[in-house]
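Report on one structure; see the data block that follows.
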Amino acid sequence: MRIIAGSAKGHALKVPRDVSRPTTDRVRESLFGILAGVLDSAKVLDLFAGSGALGIEALSRGAASCTFVEQNRGAVKVIEENLKKTGLGTVNGQGKVLCREVTAHLKGETMAYDLIFADPPYADGLTDAARDLLALKGWENYLTEGGFLILEREAMGDLAEPLGLELLQQRDYGRSRIAIYQRAKELS
């Protein structure tokens, strides 16, 4: 897996052994084509970060900062290595990696982000991390006005729309579905 565009274009990324389903280059290329106008100087949060590919791609394309949240210690180490390798973690502290469970992190989050990536594990019949994530209250606190939540999940089934967010579009790529939500802009 490589960075597709921007200042770190072409850098190969390491993928942790425990991450069995990194976002493919094709999906990332399509997704970042859609997001091209919102990346410049954006504050990004990468949840269930895995290899950090989504957040690192955003940094490479001009995002101001990215906080990576991943609970697997091996994956956290890989994200740190990928940031160091691309040089994006050291530039003005652009990349910050936290070893935390996502829900616990969000419940204590005090910063609002312009862009949140979430790539939770697919539903296994017992748990559905994407459904649980969307059911959280407080998206109006996690996203800036007009901010975006990008959720990658299994293409099968539908999810309830999260409170305070509007589904703009969703696209299927084989077994994966990318859903793009936006926080509503408040009327003055």
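Following the order of the structure tokens, chains are lettered A, B, ..., residues in each are numbered from 1, and ligands are numbered from 1.
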So which residues of stretch 35-95 of chain A fall under helix (DSSP H, G or I) by DSSP, listed as a list in words?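 Listing helix (DSSP H, G or I) positions across stretch 35-95 of chain A yields Ala36, Gly37, Val38, Ala53, Leu54, Gly55, Ile56, Glu57, Ala58, Leu59, Ser60, Arg73, Gly74, Ala75, Val76, Lys77, Val78, Ile79, Glu80, Glu81, Asn82, Leu83, Lys84, Lys85 and Thr86 of chain A.
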DSSP says strand (DSSP E) for which residues of chain A? Put them as a ChimeraX atom specification? /A:43-47,65-70,95-99,113-118,143-154,165-173,176-183
Pairwise distance for atom CA of A:Ala112 and atom CA of A:Thr24, rounded to one decimal in Å: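 Atom CA of A:Ala112 sits 27.3 Å away from atom CA of A:Thr24.
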Using only C-alpha atoms, determine which residues lie at most 8 Å from A:Glu152, disregarding the query and same-chain residues fewer than 3 positions distant; provide the list as an mmCIF file with C-alpha atoms, in the first residue's frame.
```
data_model
loop_
_atom_site.group_PDB
_atom_site.id
_atom_site.type_symbol
_atom_site.label_atom_id
_atom_site.label_comp_id
_atom_site.auth_asym_id
_atom_site.auth_seq_id
_atom_site.Cartn_x
_atom_site.Cartn_y
_atom_site.Cartn_z
ATOM 1 C CA ALA A 118 -13.854 5.724 10.781
ATOM 2 C CA ASP A 119 -12.982 2.262 9.503
ATOM 3 C CA PRO A 120 -14.264 -0.079 12.233
ATOM 4 C CA SER A 176 -16.862 -2.263 1.307
ATOM 5 C CA ARG A 177 -19.231 0.694 1.493
ATOM 6 C CA ILE A 178 -18.070 4.274 1.984
ATOM 7 C CA ALA A 179 -20.713 6.513 3.549
#
```
Please provide as a PDB file with C-alpha atoms, in the first residue's frame all residues within 12 Å of A:Gln170, with the sequence filter that same-chain residues fewer than 3 positions apart are discarded (counting only C-alpha atoms).
```pdb
ATOM      1  CA  SER A  30     -11.845   7.649  -5.140  1.00  0.00           C
ATOM      2  CA  LEU A  31     -12.524   8.921  -1.622  1.00  0.00           C
ATOM      3  CA  ILE A  34     -14.407  13.429  -3.503  1.00  0.00           C
ATOM      4  CA  LEU A 149     -17.687  11.836   8.868  1.00  0.00           C
ATOM      5  CA  ILE A 150     -16.382   9.238   6.425  1.00  0.00           C
ATOM      6  CA  LEU A 151     -17.414   5.734   7.443  1.00  0.00           C
ATOM      7  CA  GLU A 152     -16.093   2.595   5.784  1.00  0.00           C
ATOM      8  CA  ARG A 153     -18.216  -0.445   6.534  1.00  0.00           C
ATOM      9  CA  GLU A 154     -19.458  -3.653   5.029  1.00  0.00           C
ATOM     10  CA  ALA A 155     -21.626  -3.080   1.941  1.00  0.00           C
ATOM     11  CA  ASP A 158     -28.324  -0.274   6.141  1.00  0.00           C
ATOM     12  CA  LEU A 159     -27.595   1.772   9.231  1.00  0.00           C
ATOM     13  CA  GLU A 166     -26.903  14.058   6.998  1.00  0.00           C
ATOM     14  CA  LEU A 167     -25.937  11.206   4.669  1.00  0.00           C
ATOM     15  CA  TYR A 173     -16.512  -0.985  -3.662  1.00  0.00           C
ATOM     16  CA  SER A 176     -16.862  -2.263   1.307  1.00  0.00           C
ATOM     17  CA  ARG A 177     -19.231   0.694   1.493  1.00  0.00           C
ATOM     18  CA  ILE A 178     -18.070   4.274   1.984  1.00  0.00           C
ATOM     19  CA  ALA A 179     -20.713   6.513   3.549  1.00  0.00           C
ATOM     20  CA  ILE A 180     -20.126  10.269   3.681  1.00  0.00           C
ATOM     21  CA  TYR A 181     -22.030  12.212   6.331  1.00  0.00           C
TER      22      TYR A 181
END
```
Nearest-residue call for A:Leu13, choices A:Gly87, A:Ala49, A:Asn82, A:Ala64, using only C-alpha atoms: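 Among A:Gly87, A:Ala49, A:Asn82, A:Ala64, it is A:Asn82 that comes nearest to A:Leu13.
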Hey, which of A:Leu47, A:Val97, A:Leu168, A:Ala58 ends up closest to A:Ala130? Count only C-alpha atoms. A:Leu47
Using only C-alpha atoms, which residue out of A:Gly52, A:Gly37, A:Gly174, A:Pro16 lies closest to A:Thr86?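 Smallest separation from A:Thr86 among the options: A:Gly52.
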